[in-house]
Structure formats: structure tokens, C-alpha cells
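Next comes my_file02.txt, with compact mmCIF, C-alpha atoms and all ligand atoms.
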# COMPACT_ATOMS: atom_id res chain seq x y z
CA MET A 1 23.83 6.80 7.30
CA TYR A 2 21.30 5.84 4.62
CA ILE A 3 23.35 7.41 1.83
CA LYS A 4 26.37 5.15 2.40
CA GLU A 5 24.21 2.04 2.75
CA ILE A 6 22.26 2.92 -0.39
CA GLU A 7 25.50 3.31 -2.36
CA LYS A 8 26.77 -0.04 -1.04
CA LEU A 9 23.55 -1.91 -1.85
CA LYS A 10 23.38 -0.33 -5.29
CA LYS A 11 26.79 -1.73 -6.20
CA GLN A 12 26.16 -5.14 -4.59
CA LYS A 13 22.87 -5.60 -6.45
CA ASN A 14 23.69 -3.80 -9.72
CA ALA A 15 20.79 -1.42 -9.15
CA VAL A 16 20.03 2.00 -10.60
CA ILE A 17 17.99 4.70 -8.87
CA LEU A 18 15.72 6.85 -11.03
CA ALA A 19 13.91 9.87 -9.57
CA HIS A 20 11.32 12.25 -10.97
CA PHE A 21 11.88 16.01 -10.53
CA TYR A 22 8.95 16.17 -8.06
CA GLN A 23 10.69 13.93 -5.52
CA ASN A 24 12.03 15.25 -2.20
CA ASN A 25 15.38 17.04 -2.62
CA GLU A 26 17.40 14.38 -0.76
CA VAL A 27 15.91 11.62 -2.93
CA GLN A 28 16.80 13.57 -6.11
CA ASP A 29 20.34 13.92 -4.75
CA ILE A 30 20.84 10.17 -4.21
CA ALA A 31 19.45 9.23 -7.65
CA ASP A 32 21.62 8.14 -10.60
CA TYR A 33 19.24 9.94 -12.95
CA VAL A 34 16.66 12.67 -12.30
CA GLY A 35 14.30 13.41 -15.15
CA ASP A 36 10.84 13.85 -16.64
CA SER A 37 8.54 10.96 -17.58
CA LEU A 38 10.00 10.52 -21.06
CA ALA A 39 13.67 10.63 -20.07
CA LEU A 40 13.14 8.21 -17.18
CA SER A 41 11.22 5.78 -19.42
CA LYS A 42 14.10 5.82 -21.92
CA ILE A 43 16.66 5.15 -19.20
CA ALA A 44 14.53 2.32 -17.80
CA GLN A 45 14.41 0.78 -21.27
CA GLU A 46 18.14 1.10 -21.93
CA THR A 47 19.79 0.43 -18.56
CA ASP A 48 21.79 -2.76 -18.03
CA ALA A 49 21.10 -2.70 -14.27
CA ASP A 50 19.33 -5.75 -12.80
CA ILE A 51 17.17 -3.68 -10.47
CA ILE A 52 15.47 -0.33 -11.11
CA VAL A 53 14.45 1.59 -7.98
CA PHE A 54 11.89 4.06 -9.26
CA CYS A 55 11.34 7.09 -7.03
CA GLY A 56 8.15 8.51 -8.46
CA VAL A 57 4.49 7.54 -8.58
CA TYR A 58 3.10 4.11 -9.44
CA PHE A 59 2.41 4.65 -13.15
CA MET A 60 6.06 5.64 -13.68
CA ALA A 61 7.44 2.46 -12.10
CA GLU A 62 4.80 0.43 -13.94
CA THR A 63 5.82 2.02 -17.27
CA ALA A 64 9.44 1.07 -16.52
CA LYS A 65 8.32 -2.53 -15.90
CA ILE A 66 6.35 -2.64 -19.17
CA LEU A 67 9.41 -1.39 -21.06
CA SER A 68 11.83 -3.68 -19.19
CA PRO A 69 9.77 -6.77 -18.30
CA ASN A 70 12.84 -8.85 -17.40
CA LYS A 71 14.15 -6.40 -14.82
CA LYS A 72 13.11 -6.12 -11.21
CA VAL A 73 11.38 -2.74 -10.78
CA LEU A 74 10.85 -1.44 -7.25
CA LEU A 75 8.69 1.44 -6.01
CA PRO A 76 10.00 2.43 -2.53
CA LYS A 77 6.54 3.42 -1.20
CA GLN A 78 3.69 1.12 -2.10
CA ASN A 79 0.81 3.56 -2.43
CA SER A 80 2.40 6.49 -4.21
CA LEU A 81 -0.32 7.06 -6.77
CA CYS A 82 -0.82 9.79 -9.36
CA ARG A 83 -4.30 11.15 -8.75
CA MET A 84 -4.81 11.90 -12.42
CA ALA A 85 -4.04 8.29 -13.36
CA GLN A 86 -6.98 7.22 -11.20
CA MET A 87 -9.42 9.47 -13.10
CA ILE A 88 -10.05 7.05 -15.94
CA ASP A 89 -12.00 3.83 -15.75
CA TYR A 90 -11.00 0.82 -17.89
CA ASN A 91 -14.58 -0.21 -18.77
CA GLU A 92 -15.62 3.32 -19.74
CA LEU A 93 -12.65 3.66 -22.12
CA LYS A 94 -13.29 0.18 -23.54
CA GLU A 95 -16.91 1.09 -24.21
CA PHE A 96 -15.87 4.39 -25.82
CA LYS A 97 -13.45 2.51 -28.09
CA GLU A 98 -16.11 0.02 -29.15
CA ASP A 99 -18.57 2.83 -29.90
CA ASN A 100 -15.96 4.92 -31.76
CA PRO A 101 -13.79 2.53 -33.78
CA ASP A 102 -12.44 5.31 -36.02
CA THR A 103 -11.19 7.47 -33.16
CA MET A 104 -7.54 7.20 -32.26
CA ILE A 105 -6.89 6.83 -28.52
CA VAL A 106 -3.90 9.01 -27.59
CA THR A 107 -3.01 8.37 -23.98
CA TYR A 108 -0.96 10.38 -21.53
CA VAL A 109 1.75 8.32 -19.82
CA ASN A 110 0.07 9.25 -16.49
CA THR A 111 -2.23 6.18 -16.68
CA ARG A 112 -2.25 2.57 -15.49
CA ALA A 113 -1.08 -0.31 -17.71
CA ASN A 114 -4.61 -1.52 -18.56
CA ILE A 115 -5.46 1.92 -19.99
CA LYS A 116 -2.24 1.93 -22.03
CA ALA A 117 -3.22 -1.51 -23.34
CA LEU A 118 -6.40 0.00 -24.84
CA SER A 119 -4.49 2.85 -26.48
CA ASP A 120 -3.11 3.47 -29.97
CA ILE A 121 -0.17 5.51 -28.76
CA ILE A 122 1.24 6.95 -25.53
CA VAL A 123 2.57 10.50 -25.12
CA THR A 124 4.29 12.48 -22.38
CA SER A 125 4.21 16.22 -21.78
CA SER A 126 7.49 16.62 -23.68
CA ASN A 127 6.53 14.80 -26.89
CA ALA A 128 2.71 15.13 -27.07
CA LYS A 129 2.64 18.02 -29.55
CA ASN A 130 5.10 16.42 -32.00
CA ILE A 131 3.44 13.02 -31.81
CA VAL A 132 -0.11 14.31 -32.32
CA LYS A 133 1.09 16.31 -35.38
CA ASN A 134 1.90 12.97 -37.06
CA PHE A 135 -1.84 12.26 -37.30
CA PRO A 136 -3.33 15.45 -38.82
CA ASN A 137 -6.42 13.82 -40.31
CA LYS A 138 -7.33 11.56 -37.42
CA LYS A 139 -10.17 12.03 -34.96
CA ILE A 140 -8.41 11.84 -31.58
CA MET A 141 -9.61 11.11 -28.04
CA TYR A 142 -6.95 12.36 -25.63
CA VAL A 143 -7.03 10.65 -22.24
CA PRO A 144 -7.16 11.40 -19.35
CA ASP A 145 -5.88 15.01 -18.96
CA LYS A 146 -8.49 17.51 -20.18
CA ASN A 147 -6.03 20.39 -19.79
CA LEU A 148 -3.16 18.96 -21.81
CA GLY A 149 -5.67 17.68 -24.39
CA THR A 150 -7.29 21.12 -24.71
CA TYR A 151 -3.86 22.72 -25.07
CA LEU A 152 -2.94 20.23 -27.82
CA ARG A 153 -6.18 21.05 -29.67
CA HIS A 154 -5.40 24.77 -29.32
CA ILE A 155 -1.82 24.59 -30.65
CA THR A 156 -2.38 22.02 -33.41
CA GLY A 157 -5.94 22.93 -34.52
CA GLN A 158 -6.64 19.18 -34.80
CA ASP A 159 -9.84 17.27 -34.06
CA ILE A 160 -9.09 16.36 -30.43
CA SER A 161 -11.71 15.43 -27.82
CA VAL A 162 -10.69 15.20 -24.17
CA TRP A 163 -11.42 12.91 -21.22
CA PRO A 164 -12.46 14.82 -18.06
CA GLY A 165 -9.38 13.97 -15.90
CA TYR A 166 -6.91 16.51 -14.54
CA CYS A 167 -3.95 17.00 -12.23
CA TYR A 168 -5.18 18.38 -8.91
CA ILE A 169 -2.19 20.70 -8.37
CA HIS A 170 -1.89 22.17 -11.87
CA ASP A 171 -5.64 22.46 -12.44
CA LEU A 172 -5.90 24.93 -9.54
CA LEU A 173 -3.57 27.50 -11.13
CA THR A 174 -5.22 30.76 -12.17
CA LYS A 175 -4.55 33.67 -14.52
CA LYS A 176 -4.92 36.00 -11.51
CA GLU A 177 -1.97 34.30 -9.76
CA ILE A 178 0.22 34.93 -12.80
CA GLU A 179 -0.87 38.59 -12.91
CA ARG A 180 -0.11 39.03 -9.19
CA MET A 181 3.29 37.34 -9.46
CA ARG A 182 4.22 39.40 -12.53
CA LEU A 183 3.51 42.59 -10.54
CA GLU A 184 5.76 41.33 -7.70
CA HIS A 185 8.53 40.18 -10.06
CA PRO A 186 8.27 42.29 -13.23
CA ASP A 187 11.56 40.99 -14.72
CA ALA A 188 10.69 37.31 -14.33
CA GLU A 189 9.62 34.96 -17.12
CA VAL A 190 6.65 32.68 -16.41
CA LEU A 191 7.22 28.97 -17.22
CA VAL A 192 4.23 26.63 -16.85
CA HIS A 193 3.57 22.88 -17.20
CA PRO A 194 0.88 21.99 -19.80
CA GLU A 195 -1.29 20.23 -17.19
CA ALA A 196 -2.53 23.74 -16.24
CA PRO A 197 -5.80 25.11 -17.72
CA LEU A 198 -5.58 26.76 -21.16
CA LYS A 199 -6.35 30.27 -19.86
CA VAL A 200 -3.30 29.96 -17.57
CA LEU A 201 -1.07 28.56 -20.33
CA LEU A 202 -2.00 31.47 -22.61
CA GLU A 203 -0.58 33.87 -19.99
CA ALA A 204 2.77 32.04 -19.74
CA ASP A 205 6.00 32.96 -21.56
CA PHE A 206 6.84 29.28 -22.00
CA VAL A 207 4.89 26.01 -21.73
CA GLY A 208 6.70 22.70 -21.36
CA SER A 209 7.40 19.50 -19.47
CA THR A 210 9.51 19.57 -16.32
CA LYS A 211 12.67 18.88 -18.36
CA ASN A 212 11.68 21.46 -21.01
CA ILE A 213 11.24 24.06 -18.23
CA LEU A 214 14.67 23.18 -16.78
CA ASP A 215 16.33 23.47 -20.21
CA TYR A 216 14.52 26.72 -21.05
CA ALA A 217 15.50 28.41 -17.76
CA SER A 218 19.11 27.23 -18.09
CA LYS A 219 19.47 28.62 -21.63
CA SER A 220 17.54 31.87 -21.08
CA GLU A 221 19.42 35.13 -20.63
CA LYS A 222 16.85 36.12 -18.00
CA LYS A 223 17.85 35.84 -14.35
CA GLU A 224 14.45 35.41 -12.68
CA PHE A 225 11.61 32.95 -13.27
CA ILE A 226 8.12 32.17 -11.98
CA ILE A 227 7.62 28.41 -12.03
CA GLY A 228 4.16 26.92 -12.69
CA THR A 229 4.78 23.31 -11.74
CA ASP A 230 5.50 21.20 -8.64
CA LYS A 231 7.93 22.73 -6.15
CA GLY A 232 10.29 19.72 -6.48
CA LEU A 233 11.55 21.10 -9.79
CA ILE A 234 12.90 24.22 -8.03
CA HIS A 235 15.66 22.04 -6.51
CA ALA A 236 16.95 20.96 -9.94
CA LEU A 237 16.53 24.48 -11.35
CA LYS A 238 18.63 26.00 -8.53
CA LYS A 239 21.24 23.26 -8.68
CA GLN A 240 21.74 23.80 -12.40
CA ASN A 241 21.43 27.62 -12.21
CA PRO A 242 22.92 28.82 -8.91
CA ASN A 243 22.98 32.45 -10.10
CA LYS A 244 19.31 32.60 -11.10
CA THR A 245 16.21 33.14 -8.95
CA PHE A 246 13.09 30.96 -9.02
CA HIS A 247 9.67 31.74 -7.50
CA LEU A 248 6.92 29.14 -7.21
CA LEU A 249 3.78 30.42 -8.96
CA SER A 250 1.46 29.09 -6.23
CA LYS A 251 1.87 27.51 -2.78
CA GLY A 252 -0.43 24.67 -3.84
CA LEU A 253 2.15 23.28 -6.29
CA ASN A 254 3.09 20.33 -4.10
CA CYS A 255 2.17 16.83 -5.27
CA LEU A 256 1.93 15.01 -1.92
CA ASN A 257 2.13 11.48 -3.31
CA MET A 258 5.39 12.38 -5.05
CA LYS A 259 6.82 13.49 -1.69
CA ARG A 260 6.05 10.30 0.28
CA ILE A 261 9.34 8.56 -0.54
CA THR A 262 12.16 9.19 1.98
CA LEU A 263 15.81 8.11 1.99
CA GLU A 264 14.86 5.43 4.51
CA ASP A 265 12.31 4.08 2.03
CA VAL A 266 14.93 3.97 -0.73
CA TYR A 267 17.31 2.11 1.59
CA LYS A 268 14.65 -0.43 2.70
CA SER A 269 13.47 -0.85 -0.87
CA LEU A 270 16.98 -1.82 -2.01
CA LYS A 271 17.68 -3.98 1.04
CA ASP A 272 14.40 -5.95 1.05
CA GLU A 273 13.71 -5.61 -2.71
CA LYS A 274 10.29 -4.10 -2.08
CA PHE A 275 7.78 -3.12 -3.46
CA GLU A 276 8.10 -5.08 -6.64
CA ILE A 277 5.97 -3.98 -9.61
CA GLU A 278 4.13 -6.74 -11.47
CA VAL A 279 2.24 -6.32 -14.73
CA ASP A 280 -0.09 -8.97 -16.15
CA SER A 281 1.66 -10.44 -19.22
CA GLU A 282 -1.34 -10.00 -21.56
CA ILE A 283 -1.68 -6.34 -20.55
CA GLN A 284 2.09 -5.86 -20.86
CA LYS A 285 2.11 -7.22 -24.43
CA LYS A 286 -0.60 -4.75 -25.52
CA ALA A 287 0.69 -1.77 -23.54
CA ILE A 288 4.21 -2.08 -24.91
CA ILE A 289 2.93 -1.73 -28.49
CA ALA A 290 1.51 1.72 -27.66
CA LEU A 291 4.67 2.67 -25.73
CA ASP A 292 6.99 1.47 -28.52
CA ARG A 293 5.05 3.63 -30.99
CA MET A 294 5.74 6.61 -28.73
CA MET A 295 9.44 5.76 -28.50
CA GLU A 296 9.71 5.51 -32.30
CA LEU A 297 8.27 9.02 -32.70
CA SER A 298 10.20 10.62 -29.81
P1 LIG A 301 6.75 15.46 -16.77
O1 LIG A 301 6.76 14.34 -17.72
O2 LIG A 301 6.71 16.81 -17.44
O3 LIG A 301 7.88 15.37 -15.81
O4 LIG A 301 5.39 15.43 -15.96
C1 LIG A 301 5.00 14.38 -15.13
C2 LIG A 301 3.92 14.77 -14.23
O5 LIG A 301 3.36 13.96 -13.54
C3 LIG A 301 3.53 16.17 -14.21
O6 LIG A 301 2.56 16.38 -13.25
FE1 LIG A 302 -0.07 13.08 -11.03
FE2 LIG A 302 -0.37 15.71 -10.80
FE3 LIG A 302 1.19 14.42 -9.11
FE4 LIG A 302 1.93 14.71 -11.69
S1 LIG A 302 1.67 16.33 -10.15
S2 LIG A 302 2.08 12.86 -10.45
S3 LIG A 302 -0.09 14.56 -12.67
S4 LIG A 302 -1.05 14.15 -9.33
Would you mind giving the structure from this file in C-alpha cells?
Amino acid sequence: MYIKEIEKLKKQKNAVILAHFYQNNEVQDIADYVGDSLALSKIAQETDADIIVFCGVYFMAETAKILSPNKKVLLPKQNSLCRMAQMIDYNELKEFKEDNPDTMIVTYVNTRANIKALSDIIVTSSNAKNIVKNFPNKKIMYVPDKNLGTYLRHITGQDISVWPGYCYIHDLLTKKEIERMRLEHPDAEVLVHPEAPLKVLLEADFVGSTKNILDYASKSEKKEFIIGTDKGLIHALKKQNPNKTFHLLSKGLNCLNMKRITLEDVYKSLKDEKFEIEVDSEIQKKAIIALDRMMELS
């Protein structure tokens, strides 16, 4: 019943539904676009829809609003927060910036608008390596994901310090789990998201964003994969590769805040135009500079 109503409202209101790969399967299936943080940001920037219903966590909908300030951006569940985005304090970063004027602040998209406003450039998991390589002689502070920052330092050899934030589902992955899963599935390739700790990433056959993992598995000649990221991605992997087999690396790979949005929430969000994302105009003006720099280099 919700599916038909959602389709009707979408047409009536010229709305588009964007969903991240970690959303519940039925929400992914109703979306116009399913993607990673970078792809969804680009669509939000380019769409001619009047309303964007963003099925993801708060920072994603907020990023869409910064990029498209004249559109109405809705998050179907009010308190769907990314826990990593809450691990950085505005005043602490401001103080760091004042004390270290020569350090470039490279900020993961998984942050709130006020943190983006303090940043020199934004990155996502799919463009971080290429963007950071544009600044080989810069001292960099990477915020707030210590794991992705450490990985970037490892693969680029650049002068990168890291903020102590992390993603609570990826940070728990261990090398032992990979070893155990490889014994159970000796023909499988291991594909892991870069929010995992370095010692885990070094054991993987491939490291990449959700979209990079999807593309890699689809192109690979292998038939079996062990997936080191949220279980929501398995839905898209299976849909695109019905003849391949996917095993989740660990049971803990389930971002609960990403799973709070239901079809009923999407329907109510469209019907009542809730919950609308607002961004302070001064913060928006500063944050969009850092986001535009990312878009230019992506
Ligand atoms: P992606 O940009 O790779 O989809 O990652 C977003 C995220 O929150 C991963 O935990
Ligand atoms: Fe944030 Fe981790 Fe959830 Fe991604 S998986 S939205 S980083 S808490």
C-alpha cells in the first residue's frame, strides 16, 4: 500500500528519493537512486526535483541541503545520526585550526555542517586517496575517522595526522575474522570498506567505498566474496550479481541508525513534508566552499 502512495506523491510533488546502500532492502527498492556518499551528493546537486527525500543518516541529508540550498530536503526519520559524525567537537577543531594555521583540514563527509565549514576540503571514501594526492607537500589533519586517515597515510606516505573518531561497526572488524572466513570460503575474495582498522585492510584483497565494492564484485571473475561493510550492501550486490555468492565478514556489520527508516516513514515524509533539513546560511556559505573543492577534484 505504501509503495503505490509513495509513487503517487513523488509525481504530484516532483520529488526524488535517494537511498544509501545501508538502508533497509525495501527502502533501497523504492528509491530512484541508491548509491554511496559521493554519488548521492552529486545527484542531490544536479537533480531538478523540488523535493529530495534522503534515506540515509543526518549528515547525508544535510550535505544535500548544503549543495542544493533552494530545494526542500527531507530526512524521513528525525534522529538517524551517524555515530562517527558525533565524534568531533566544533570548538576543539576550531582551537586546533587556530593553533595550527599551516595544517590543511581534510574532512570526511561523515561530519556535521559546522565541521565542514571549518574545513579546507571534504572527501568521501571513494575519492579520499585521489584528493589527498593533490596536496603532496601539505601537513594534513584528517578528521574525524582515525582508520580512514591512517589508511590514507599508509597508501600515500604523506604527512597525515588523524582525529580519534571511528565508525563503531567497521572499527570492530579483526584480522582473525578474515582468517576464519577465508578458511570457511577459500575461493572467496575479501572486500573491505576503508573505515576498518589498517591491520584488517592489509588482509583484504580489495579496499573501497560501498560503490567501489559493488563495482569490483560485479567486474570480478570470482564467484564468491566476503564483504567487510554494512549488511545493507549485500542487497545491492545480490541484485546486480544474482549468480554470485556474498558472505558478510562479521555479524556486527549492521549500522542501526541506517536501518531506522521504514517504507511508512518514507510515505509520511513525502505526505507531510517532514523532517525538513535546515542549515544556517553562514555555515552553508562556508561549508559549500569545501564541498565544491571536493566536487572539482572528483
Ligand atoms: P560510502 O560513501 O562508502 O557509501 O560510506 C558511507 C558510510 O557511512 C560508510 O560507513
Ligand atoms: Fe556512520 Fe558507521 Fe553508520 Fe557509516 S556505518 S553511517 S560511518 S555509524
Top pick for closest residue to ligand LIG 302 (chain A), considering A:Gly149, A:Pro76, A:Gly56, A:Pro69 and counting all atoms listed in the file: A:Gly56
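Using only C-alpha atoms, the smallest distance between any of A:Lys97, A:Tyr22, A:Tyr151, A:Cys55 and Leu75 of chain A comes from A:Cys55.
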Determine, counting only C-alpha atoms, every residue of protein, DNA or RNA that lies within 12 Å of (-0.3, 14.0, -30.9) in the file coordinates, then give the result as a PyMOL selection string. chain A and resi 104-108+120-143+148-153+155-161+293-294+297-298
Would you list the residues that come within 9 Å of ligand LIG 301 (chain A)? Count all atoms listed in the file and give the answer as an mmCIF file with C-alpha atoms, in the frame of the given file.
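What landed in part.cif:
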data_model
loop_
_atom_site.group_PDB
_atom_site.id
_atom_site.type_symbol
_atom_site.label_atom_id
_atom_site.label_comp_id
_atom_site.auth_asym_id
_atom_site.auth_seq_id
_atom_site.Cartn_x
_atom_site.Cartn_y
_atom_site.Cartn_z
ATOM 1 C CA HIS A 20 11.320 12.250 -10.970
ATOM 2 C CA PHE A 21 11.880 16.010 -10.530
ATOM 3 C CA TYR A 22 8.950 16.170 -8.060
ATOM 4 C CA GLY A 35 14.300 13.410 -15.150
ATOM 5 C CA ASP A 36 10.840 13.850 -16.640
ATOM 6 C CA SER A 37 8.540 10.960 -17.580
ATOM 7 C CA LEU A 38 10.000 10.520 -21.060
ATOM 8 C CA ALA A 39 13.670 10.630 -20.070
ATOM 9 C CA LEU A 40 13.140 8.210 -17.180
ATOM 10 C CA GLY A 56 8.150 8.510 -8.460
ATOM 11 C CA VAL A 57 4.490 7.540 -8.580
ATOM 12 C CA MET A 60 6.060 5.640 -13.680
ATOM 13 C CA CYS A 82 -0.820 9.790 -9.360
ATOM 14 C CA MET A 84 -4.810 11.900 -12.420
ATOM 15 C CA VAL A 109 1.750 8.320 -19.820
ATOM 16 C CA ASN A 110 0.070 9.250 -16.490
ATOM 17 C CA THR A 124 4.290 12.480 -22.380
ATOM 18 C CA SER A 125 4.210 16.220 -21.780
ATOM 19 C CA SER A 126 7.490 16.620 -23.680
ATOM 20 C CA CYS A 167 -3.950 17.000 -12.230
ATOM 21 C CA ILE A 169 -2.190 20.700 -8.370
ATOM 22 C CA HIS A 170 -1.890 22.170 -11.870
ATOM 23 C CA HIS A 193 3.570 22.880 -17.200
ATOM 24 C CA PRO A 194 0.880 21.990 -19.800
ATOM 25 C CA GLU A 195 -1.290 20.230 -17.190
ATOM 26 C CA GLY A 208 6.700 22.700 -21.360
ATOM 27 C CA SER A 209 7.400 19.500 -19.470
ATOM 28 C CA THR A 210 9.510 19.570 -16.320
ATOM 29 C CA LYS A 211 12.670 18.880 -18.360
ATOM 30 C CA ASN A 212 11.680 21.460 -21.010
ATOM 31 C CA ILE A 213 11.240 24.060 -18.230
ATOM 32 C CA THR A 229 4.780 23.310 -11.740
ATOM 33 C CA ASP A 230 5.500 21.200 -8.640
ATOM 34 C CA CYS A 255 2.170 16.830 -5.270
ATOM 35 C CA MET A 258 5.390 12.380 -5.050
#
Taken to one decimal, the atom CA of Thr111 of chain A-atom CA of Ile283 of chain A distance is 13.1 Å
